[in-house]
Each structure stands twice: as C-alpha cells, then as structure tokens.
file query.cif (mmCIF, C-alpha atoms)
data_input
#
loop_
_atom_site.label_atom_id
_atom_site.label_comp_id
_atom_site.auth_asym_id
_atom_site.auth_seq_id
_atom_site.Cartn_x
_atom_site.Cartn_y
_atom_site.Cartn_z
CA MET A 1 0.00 0.00 0.00
CA ARG A 2 1.21 3.53 -0.72
CA LYS A 3 2.67 5.31 2.29
CA VAL A 4 2.13 8.69 3.91
CA VAL A 5 5.43 10.54 4.22
CA LEU A 6 6.13 13.59 6.35
CA TYR A 7 9.08 15.18 4.52
CA ILE A 8 10.03 18.45 6.17
CA ALA A 9 12.98 20.44 7.47
CA MET A 10 13.34 21.64 11.05
CA SER A 11 16.01 23.45 13.06
CA LEU A 12 17.90 21.48 15.72
CA ASP A 13 15.55 23.07 18.27
CA GLY A 14 12.46 21.88 16.40
CA TYR A 15 11.16 24.84 14.37
CA ILE A 16 9.81 24.67 10.80
CA ALA A 17 9.35 28.43 10.37
CA ASP A 18 10.54 31.49 12.24
CA ILE A 19 8.34 33.68 14.43
CA ASP A 20 7.12 35.55 11.31
CA GLY A 21 6.43 32.31 9.43
CA LYS A 22 9.51 32.80 7.22
CA VAL A 23 11.74 29.97 6.00
CA HIS A 24 14.78 31.79 4.54
CA TRP A 25 16.99 30.11 7.21
CA LEU A 26 16.12 26.62 5.84
CA CYS A 27 19.50 26.06 4.23
CA GLY A 28 22.78 24.30 4.83
CA GLU A 29 26.09 25.71 6.00
CA ASP A 30 27.05 27.01 2.55
CA ILE A 31 24.00 29.01 1.44
CA ASN A 32 25.26 29.00 -2.17
CA ASN A 33 25.27 25.20 -2.26
CA ASN A 34 21.91 24.17 -3.70
CA TYR A 35 22.40 20.43 -3.34
CA MET A 36 19.14 18.90 -4.52
CA ASP A 37 19.92 15.16 -4.83
CA SER A 38 18.03 14.27 -1.66
CA TYR A 39 14.93 16.21 -2.74
CA LEU A 40 15.00 14.88 -6.32
CA LYS A 41 15.31 11.32 -5.06
CA PHE A 42 12.39 11.87 -2.70
CA ILE A 43 10.09 13.62 -5.18
CA ASN A 44 10.24 10.61 -7.49
CA THR A 45 8.68 8.44 -4.76
CA VAL A 46 5.47 10.52 -4.46
CA ASP A 47 2.64 11.51 -6.82
CA THR A 48 0.50 13.45 -4.36
CA VAL A 49 1.23 16.34 -1.99
CA VAL A 50 -1.03 17.54 0.83
CA MET A 51 -0.68 20.94 2.49
CA GLY A 52 -2.54 23.55 4.50
CA ARG A 53 -3.66 26.92 3.17
CA THR A 54 -0.83 28.86 4.82
CA THR A 55 1.76 26.60 3.20
CA TYR A 56 0.00 26.98 -0.16
CA ASN A 57 -0.07 30.77 0.18
CA GLN A 58 3.60 30.82 1.09
CA ILE A 59 4.49 28.84 -2.04
CA VAL A 60 2.45 30.95 -4.48
CA ASN A 61 3.17 34.32 -2.87
CA GLU A 62 6.80 33.96 -1.84
CA LEU A 63 8.58 30.91 -3.21
CA SER A 64 7.26 30.64 -6.77
CA PRO A 65 4.65 33.25 -7.82
CA ASN A 66 4.76 32.46 -11.55
CA ASN A 67 4.34 28.72 -11.81
CA TRP A 68 3.07 25.98 -9.53
CA VAL A 69 6.09 24.15 -8.14
CA TYR A 70 4.50 20.70 -7.89
CA ASN A 71 3.17 20.39 -11.43
CA ASN A 72 4.09 16.71 -11.59
CA LEU A 73 2.04 15.93 -8.48
CA THR A 74 -1.64 16.11 -7.60
CA SER A 75 -1.80 18.80 -4.91
CA TYR A 76 -4.42 18.92 -2.17
CA VAL A 77 -4.85 22.16 -0.23
CA ILE A 78 -6.78 21.88 3.05
CA THR A 79 -8.65 25.14 3.65
CA ASN A 80 -11.80 26.43 5.33
CA THR A 81 -12.54 28.39 2.15
CA PRO A 82 -11.98 26.19 -0.92
CA PHE A 83 -10.98 28.06 -4.09
CA LYS A 84 -10.66 27.37 -7.80
CA ALA A 85 -7.11 26.87 -9.01
CA ASN A 86 -6.27 24.45 -11.80
CA SER A 87 -6.81 20.76 -12.48
CA LYS A 88 -3.61 19.79 -10.64
CA ILE A 89 -4.59 21.65 -7.45
CA ILE A 90 -7.60 20.44 -5.49
CA SER A 91 -8.69 22.61 -2.57
CA THR A 92 -10.97 21.08 0.02
CA ASN A 93 -12.35 21.70 3.50
CA GLU A 94 -12.37 17.97 4.22
CA ASN A 95 -10.72 16.89 7.47
CA VAL A 96 -7.11 16.01 6.62
CA CYS A 97 -7.27 12.62 8.40
CA ASN A 98 -10.35 11.60 6.40
CA LEU A 99 -8.72 12.77 3.17
CA ILE A 100 -5.54 10.77 3.86
CA GLN A 101 -7.46 7.62 4.77
CA LYS A 102 -9.37 7.96 1.48
CA LEU A 103 -6.24 8.64 -0.63
CA LYS A 104 -4.47 5.61 0.87
CA LYS A 105 -7.15 3.34 -0.59
CA TYR A 106 -6.29 4.43 -4.14
CA SER A 107 -3.27 2.94 -5.88
CA GLY A 108 -0.33 5.23 -6.58
CA LYS A 109 3.02 6.41 -5.35
CA ASN A 110 3.49 7.69 -1.81
CA ILE A 111 1.67 10.73 -0.40
CA TRP A 112 3.78 13.68 0.76
CA ILE A 113 2.65 15.73 3.76
CA CYS A 114 4.53 19.00 3.37
CA GLY A 115 2.98 21.19 6.10
CA GLY A 116 2.04 23.12 8.05
CA ALA A 117 2.24 22.13 11.68
CA ASN A 118 -1.54 22.01 12.19
CA ILE A 119 -2.09 19.38 9.50
CA ILE A 120 1.00 17.41 10.45
CA ASN A 121 0.00 17.18 14.11
CA GLN A 122 -3.54 16.05 13.33
CA LEU A 123 -1.99 13.19 11.32
CA ILE A 124 0.59 12.28 13.98
CA ASP A 125 -2.16 12.27 16.60
CA LYS A 126 -4.17 9.74 14.57
CA ASN A 127 -1.00 7.75 13.78
CA LEU A 128 -1.44 8.34 10.04
CA ILE A 129 2.20 9.15 9.19
CA ASP A 130 4.03 6.05 7.90
CA ILE A 131 7.45 7.58 7.23
CA TYR A 132 9.06 10.53 9.04
CA HIS A 133 11.72 12.12 6.81
CA ILE A 134 13.10 15.01 8.84
CA SER A 135 15.93 17.20 7.55
CA ILE A 136 17.77 18.76 10.49
CA ILE A 137 18.98 22.27 9.57
CA PRO A 138 22.26 23.17 11.34
CA THR A 139 20.93 26.00 13.46
CA ILE A 140 19.38 26.72 16.85
CA LEU A 141 16.71 29.09 15.57
CA GLY A 142 15.54 30.19 19.02
CA ASN A 143 11.84 30.76 18.32
CA GLY A 144 9.12 30.18 15.74
CA ILE A 145 6.58 27.59 14.68
CA LYS A 146 7.26 24.17 16.24
CA LEU A 147 7.08 21.00 14.15
CA PHE A 148 5.76 18.80 16.95
CA ASP A 149 2.81 19.49 19.23
CA LYS A 150 2.39 17.68 22.53
CA PHE A 151 0.91 14.17 22.42
CA SER A 152 -0.38 11.87 25.13
CA ILE A 153 1.09 8.76 23.47
CA GLU A 154 4.75 8.03 22.71
CA ARG A 155 5.52 6.91 19.13
CA LYS A 156 8.59 4.65 19.06
CA LEU A 157 10.49 4.91 15.77
CA LYS A 158 12.96 2.83 13.79
CA LEU A 159 15.79 4.61 11.97
CA ILE A 160 15.77 3.70 8.27
CA SER A 161 18.51 5.98 7.00
CA ASN A 162 20.77 8.82 8.06
CA ASN A 163 22.58 10.99 5.50
CA SER A 164 24.17 14.41 5.67
CA TYR A 165 25.06 17.04 3.03
CA ASN A 166 26.12 20.64 3.49
CA GLY A 167 25.53 20.37 7.26
CA ILE A 168 21.93 19.19 6.86
CA VAL A 169 21.14 15.74 8.30
CA ASP A 170 18.33 13.73 6.70
CA LEU A 171 16.81 11.34 9.24
CA VAL A 172 14.26 8.82 7.95
CA TYR A 173 12.15 6.78 10.38
CA GLU A 174 9.29 4.31 10.26
CA HIS A 175 7.24 3.10 13.22
CA ARG A 176 8.74 0.33 15.34
CA MET B 1 41.76 26.11 25.12
CA ARG B 2 39.55 23.41 26.64
CA LYS B 3 36.02 23.36 25.29
CA VAL B 4 32.57 23.29 26.88
CA VAL B 5 30.58 20.36 25.50
CA LEU B 6 26.85 19.84 25.81
CA TYR B 7 26.56 16.05 25.51
CA ILE B 8 22.95 14.96 25.98
CA ALA B 9 20.23 12.78 24.49
CA MET B 10 16.87 14.07 23.32
CA SER B 11 13.83 12.59 21.59
CA LEU B 12 13.13 13.55 17.98
CA ASP B 13 10.58 16.02 19.36
CA GLY B 14 13.14 17.66 21.64
CA TYR B 15 12.60 16.22 25.13
CA ILE B 16 15.37 15.21 27.58
CA ALA B 17 13.05 13.76 30.23
CA ASP B 18 9.41 12.73 30.30
CA ILE B 19 6.65 14.66 32.08
CA ASP B 20 7.63 12.99 35.39
CA GLY B 21 11.34 13.72 34.88
CA LYS B 22 12.07 10.07 34.03
CA VAL B 23 14.62 8.94 31.43
CA HIS B 24 13.91 5.20 31.04
CA TRP B 25 12.96 5.83 27.36
CA LEU B 26 16.50 7.09 26.58
CA CYS B 27 17.55 4.00 24.67
CA GLY B 28 17.93 2.71 21.14
CA GLU B 29 15.65 0.46 19.13
CA ASP B 30 16.96 -2.71 20.79
CA ILE B 31 16.73 -2.02 24.53
CA ASN B 32 19.03 -4.95 25.28
CA ASN B 33 21.82 -3.45 23.15
CA ASN B 34 24.00 -1.45 25.53
CA TYR B 35 26.33 -0.06 22.90
CA MET B 36 28.72 2.21 24.80
CA ASP B 37 31.47 3.02 22.25
CA SER B 38 30.19 6.53 21.63
CA TYR B 39 29.98 7.33 25.35
CA LEU B 40 33.38 5.77 26.16
CA LYS B 41 35.01 7.74 23.34
CA PHE B 42 33.40 10.93 24.61
CA ILE B 43 34.18 10.44 28.31
CA ASN B 44 37.90 10.24 27.52
CA THR B 45 37.78 13.79 26.14
CA VAL B 46 36.55 15.40 29.38
CA ASP B 47 37.86 15.68 32.96
CA THR B 48 35.06 17.81 34.42
CA VAL B 49 31.30 17.46 34.50
CA VAL B 50 28.82 20.19 35.47
CA MET B 51 25.20 19.49 36.40
CA GLY B 52 22.22 20.90 38.28
CA ARG B 53 20.89 19.56 41.58
CA THR B 54 17.98 17.69 39.98
CA THR B 55 20.33 15.84 37.64
CA TYR B 56 22.63 15.03 40.58
CA ASN B 57 19.71 13.72 42.64
CA GLN B 58 18.53 11.60 39.73
CA ILE B 59 21.95 10.00 39.42
CA VAL B 60 22.43 9.20 43.12
CA ASN B 61 18.82 8.21 43.81
CA GLU B 62 17.86 6.37 40.65
CA LEU B 63 20.72 5.57 38.31
CA SER B 64 23.54 4.60 40.67
CA PRO B 65 22.77 4.79 44.41
CA ASN B 66 25.88 2.93 45.58
CA ASN B 67 28.78 4.61 43.86
CA TRP B 68 29.36 7.92 42.14
CA VAL B 69 29.27 7.29 38.39
CA TYR B 70 31.78 9.98 37.41
CA ASN B 71 34.62 9.04 39.73
CA ASN B 72 37.23 9.81 37.08
CA LEU B 73 35.94 13.36 36.63
CA THR B 74 35.71 16.41 38.86
CA SER B 75 31.98 16.95 39.29
CA TYR B 76 30.37 20.33 39.93
CA VAL B 77 26.79 20.42 41.19
CA ILE B 78 25.00 23.78 40.89
CA THR B 79 22.52 24.12 43.75
CA ASN B 80 20.90 26.78 45.90
CA THR B 81 21.78 24.70 48.97
CA PRO B 82 25.39 23.46 48.70
CA PHE B 83 26.11 20.18 50.51
CA LYS B 84 29.11 18.12 51.57
CA ALA B 85 29.78 15.10 49.38
CA ASN B 86 33.33 13.90 48.71
CA SER B 87 36.49 15.42 47.27
CA LYS B 88 35.47 14.58 43.68
CA ILE B 89 32.08 16.33 43.99
CA ILE B 90 32.01 20.09 44.47
CA SER B 91 28.62 21.65 45.15
CA THR B 92 28.25 25.39 44.66
CA ASN B 93 25.61 28.09 44.40
CA GLU B 94 27.77 30.03 41.96
CA ASN B 95 26.08 31.14 38.73
CA VAL B 96 26.80 28.45 36.15
CA CYS B 97 28.00 30.95 33.53
CA ASN B 98 30.53 32.44 35.95
CA LEU B 99 31.69 28.95 36.95
CA ILE B 100 32.20 27.89 33.33
CA GLN B 101 34.09 31.06 32.44
CA LYS B 102 36.37 30.42 35.44
CA LEU B 103 36.90 26.72 34.63
CA LYS B 104 37.77 27.53 31.00
CA LYS B 105 40.77 29.54 32.21
CA TYR B 106 42.31 26.45 33.82
CA SER B 107 44.14 23.93 31.69
CA GLY B 108 42.60 20.51 31.29
CA LYS B 109 40.44 18.33 29.12
CA ASN B 110 37.02 19.48 27.93
CA ILE B 111 34.14 20.33 30.28
CA TRP B 112 30.94 18.30 30.00
CA ILE B 113 27.58 19.97 30.58
CA CYS B 114 25.26 17.07 31.33
CA GLY B 115 22.04 18.83 32.40
CA GLY B 116 19.46 19.81 33.27
CA ALA B 117 17.65 22.15 30.94
CA ASN B 118 17.89 25.18 33.22
CA ILE B 119 21.71 25.12 33.32
CA ILE B 120 22.01 24.25 29.64
CA ASN B 121 19.82 27.15 28.55
CA GLN B 122 21.66 29.68 30.70
CA LEU B 123 24.85 28.61 28.91
CA ILE B 124 23.31 28.66 25.41
CA ASP B 125 21.90 32.11 26.11
CA LYS B 126 25.38 33.43 26.96
CA ASN B 127 26.90 31.53 24.02
CA LEU B 128 29.12 29.48 26.35
CA ILE B 129 28.61 26.07 24.69
CA ASP B 130 31.45 25.30 22.26
CA ILE B 131 30.33 21.85 21.08
CA TYR B 132 26.77 20.53 20.85
CA HIS B 133 26.80 16.71 20.92
CA ILE B 134 23.14 15.70 20.70
CA SER B 135 22.08 12.05 20.59
CA ILE B 136 18.68 11.77 18.89
CA ILE B 137 16.65 8.96 20.46
CA PRO B 138 14.33 7.25 17.93
CA THR B 139 11.04 8.27 19.50
CA ILE B 140 8.41 11.00 19.44
CA LEU B 141 7.98 11.21 23.20
CA GLY B 142 5.00 13.56 23.07
CA ASN B 143 5.57 15.55 26.25
CA GLY B 144 8.14 16.26 28.95
CA ILE B 145 11.08 18.54 29.70
CA LYS B 146 12.35 20.34 26.60
CA LEU B 147 16.07 20.58 25.85
CA PHE B 148 15.89 24.01 24.23
CA ASP B 149 14.27 27.14 25.63
CA LYS B 150 13.33 30.05 23.39
CA PHE B 151 16.11 32.48 22.46
CA SER B 152 16.08 35.88 20.79
CA ILE B 153 19.24 35.16 18.78
CA GLU B 154 19.76 32.41 16.19
CA ARG B 155 22.92 30.27 16.63
CA LYS B 156 24.13 28.97 13.28
CA LEU B 157 25.95 25.64 13.61
CA LYS B 158 28.45 23.59 11.63
CA LEU B 159 28.03 19.82 11.53
CA ILE B 160 31.23 18.09 12.69
CA SER B 161 30.09 14.49 12.69
CA ASN B 162 27.03 12.32 12.27
CA ASN B 163 26.98 8.68 13.41
CA SER B 164 24.21 6.25 14.19
CA TYR B 165 24.02 3.04 16.27
CA ASN B 166 20.98 1.07 17.38
CA GLY B 167 18.67 3.75 15.92
CA ILE B 168 20.30 6.57 17.92
CA VAL B 169 21.87 9.36 15.84
CA ASP B 170 24.80 11.28 17.33
CA LEU B 171 24.97 14.79 15.88
CA VAL B 172 28.01 16.90 16.77
CA TYR B 173 28.09 20.62 15.97
CA GLU B 174 30.33 23.62 16.58
CA HIS B 175 29.45 27.26 15.95
CA ARG B 176 29.76 28.51 12.38
#

call {"tool": "encode", "arguments": {"input": "query.cif", "output": "structure tokens"}}
result
Amino acid sequence: MRKVVLYIAMSLDGYIADIDGKVHWLCGEDINNNYMDSYLKFINTVDTVVMGRTTYNQIVNELSPNNWVYNNLTSYVITNTPFKANSKIISTNENVCNLIQKLKKYSGKNIWICGGANIINQLIDKNLIDIYHISIIPTILGNGIKLFDKFSIERKLKLISNNSYNGIVDLVYEHR
Amino acid sequence: MRKVVLYIAMSLDGYIADIDGKVHWLCGEDINNNYMDSYLKFINTVDTVVMGRTTYNQIVNELSPNNWVYNNLTSYVITNTPFKANSKIISTNENVCNLIQKLKKYSGKNIWICGGANIINQLIDKNLIDIYHISIIPTILGNGIKLFDKFSIERKLKLISNNSYNGIVDLVYEHR
C-alpha cells in the first residue's frame, strides 16, 4: 500500500518556520550550495502532496509566484474556504485525516505531507504518518513555529537511513 | 583552550526527560543493546562534568545509588543549597555561567555539561557552549522537559560528525 510521508525540514531546536512564518533560514552551511539530490530522489517516490492553506499561500506568494512548483504531483490544499485553481490543485475543506485515509485506498506512489504544523500534528495524533523524513537544519533558531505538538502517546520509531550534506542531516524513520 | 561540551540525548521532538522527569525511554531500538562506544570515546575527552541539583539527585537516587558514576571526573553540582559530598564532587551556588568562564581559564580536558535544561539554557543564552553533541533517540515522546528554551538570537551551527548506532543518531556541531 502507498505510504504517507512527512518530509520536512526543522532546526535542531524543532522549528519549521521562524516567528514571522519565514523559511529563509532553511538552508545548509554554505548558502550558495543548492544540493538537490536528496529532494530529487524523494520527489520521485510521491505523486500526491497535501498541504494547508498557509503553506499553499507561502508557495504561491513567496517561493514561486509564476508557476506551480509541484506540477508533476496532484496537490491537495486543506482550507476552510476552498478556491478554484487548476486541475492539478484540489482545494478542500475535508478533514485532513479523512482525506488521507481515502487517498491511501487508491493505488499510486506515496503521499507527501509537506505542512504546516496544524495538519502534520492532526496526522501524527491519529498515527497516520508512515514515514518521518526530517531534515535537520544546522541551526538553533531560538523561536518560531514548532514541528511537533504535545501528544499523550509516545511513538517509538525505527531509523531507516541517516545521510548528511552541506551540514543538513536527513533522518528517515518508520514506526517500530 | 579546553572546550565546553553539551553532551545529551533528546527525543526527535526535543525532550530530555518525560513529564515525570524520568529517562527510562533514553535507549535505542533494541533495549538490550547497551552499545557504549560513543559514550566511552566521549568520556575520555573530558575531565570535568557540570550538572544541576535535579540531575545530581537523579543519578544518586535512581541511576547509581551505591557509587558515584563519574569518579574519574571532577563533578560540579550547581545548587541553591550546597552540601558536603566527597572530594570529587564540588557543590556550589555560583552562577553556572561564571563557573564555566572560570573553569575555561584552567588547563585541562574538555568540560561536560550534562544537564538539566535550566543550566544548559543559561549557557546557550550566553553563548558558552562550544560543542553541541546531541544524541537523537528514535522516538516522538509527546511531552516532557524540553532541551531548548526560546532564544532571541539564532545560533548557526556547523556539523562536525554524524553517526548512528541502534537507531540513535549522534549529531556533533560547533558554531559557524
């Protein structure tokens, strides 16, 4: 069965965005080194990406205003106010856990959960993440938006791989 | 000059102890695998260990009631109520930042900061940690005592090494 993959970068102290929601600090030690092998390898394993409205807005307003960055994927945007985009972008106010459980029943490549924290933590809480692929950025950011909320249940993990490039460490886990 | 090393384990979600202050979950995937190479290699690089009173109490009451575990090191215990122990254990109510700045002026091996969070964060805040050696335990603990407080200044790091054993990932950083 296709898997649900949380693929995201966080600072050593656990932040995915700074206090203003910005992500300019999400880079390795050499900011001119745009090593993409890890991302390109990953993106070939998925055909679907799921994100919240804030993440969507950040992509279209800041990261890539002129063309949709995930044109090779089917993109789902979870939002209270669905909007019309194009045939590759589906916006919905469906609960993200229900959507993921539905998408898992279809055949296909893996499903990428790319953010934000609200969506991610709903999925962790319901144990709906199969693979945690966390890129540790070499910085103690100090403040911002945390990746992990608090949970009442511990989730024991199994390390699948551990690679580093340009000071960034890619940790990949499954459930034990 | 000797360096100040924060050597500590945390869960993937950033906790160093659970909500009751317990650390029984600080282990790798196979709980019967007591791989110690990383610790033994580290302990040979230090001759001094600095800790708070809670960490000290945890060691003598829970981890090793019969003999002091760091007999080969000079141990400093930061506490509001200094006590008499033995010649290898010095308890003091001195501010931990002042103590560290004083100890750095003496010759010797590196200085280990082993916890707890209060002492660690005072030292991070004053930029007095030279090496961050963080062992990532393969678990999302969910709740407990956080390693990192919030800070107003970002600390950019440089990855020195990255090793894994039994699902635990040892990340070692210096300042950039």

call {"tool": "resolve_selection", "arguments": {"input": "query.cif", "expression": "the PyMOL selection byres ((chain A) within 7 of (chain B))", "output": "PyMOL selection string"}}
result
chain A and resi 13-14+29+138-143+148+150-159+167

call {"tool": "closest_residue", "arguments": {"input": "query.cif", "among": "A:Asn57, A:Ser87, A:Asn95, A:Thr48", "to": "Val4 in chain A", "atoms": "all atoms listed in the file"}}
result
A:Thr48

call {"tool": "atom_distance", "arguments": {"input": "query.cif", "atom1": "CA of Ile100 in chain A", "atom2": "CA of Thr81 in chain A"}}
result
19.0 Å

call {"tool": "resolve_selection", "arguments": {"input": "query.cif", "expression": "the PyMOL selection byres ((chain A and resi 54) around 10)", "output": "JSON, numbers by chain"}}
result
{"A": [21, 51, 52, 53, 55, 56, 57, 58, 59, 77, 78, 79, 115, 116]}

call {"tool": "resolve_selection", "arguments": {"input": "query.cif", "expression": "the PyMOL selection byres ((chain B and resi 85) around 12)", "output": "list in words"}}
result
Tyr56, Val60, Asn67, Trp68, Ser75, Tyr76, Val77, Pro82, Phe83, Lys84, Asn86, Ser87, Lys88, Ile89, Ile90, Ser91 and Thr92 of chain B

call {"tool": "atom_distance", "arguments": {"input": "query.cif", "atom1": "CA of Arg2 in chain A", "atom2": "CA of Lys109 in chain A"}}
result
5.7 Å

call {"tool": "residues_around", "arguments": {"input": "query.cif", "residues": "Val49 in chain B", "least_positions_apart": "4", "cutoff": "7 Å", "atoms": "only C-alpha atoms", "output": "ChimeraX atom specification"}}
result
/B:73-76,111-114

call {"tool": "atom_distance", "arguments": {"input": "query.cif", "atom1": "CA of Ile120 in chain A", "atom2": "CA of Asn118 in chain B"}}
result
29.4 Å
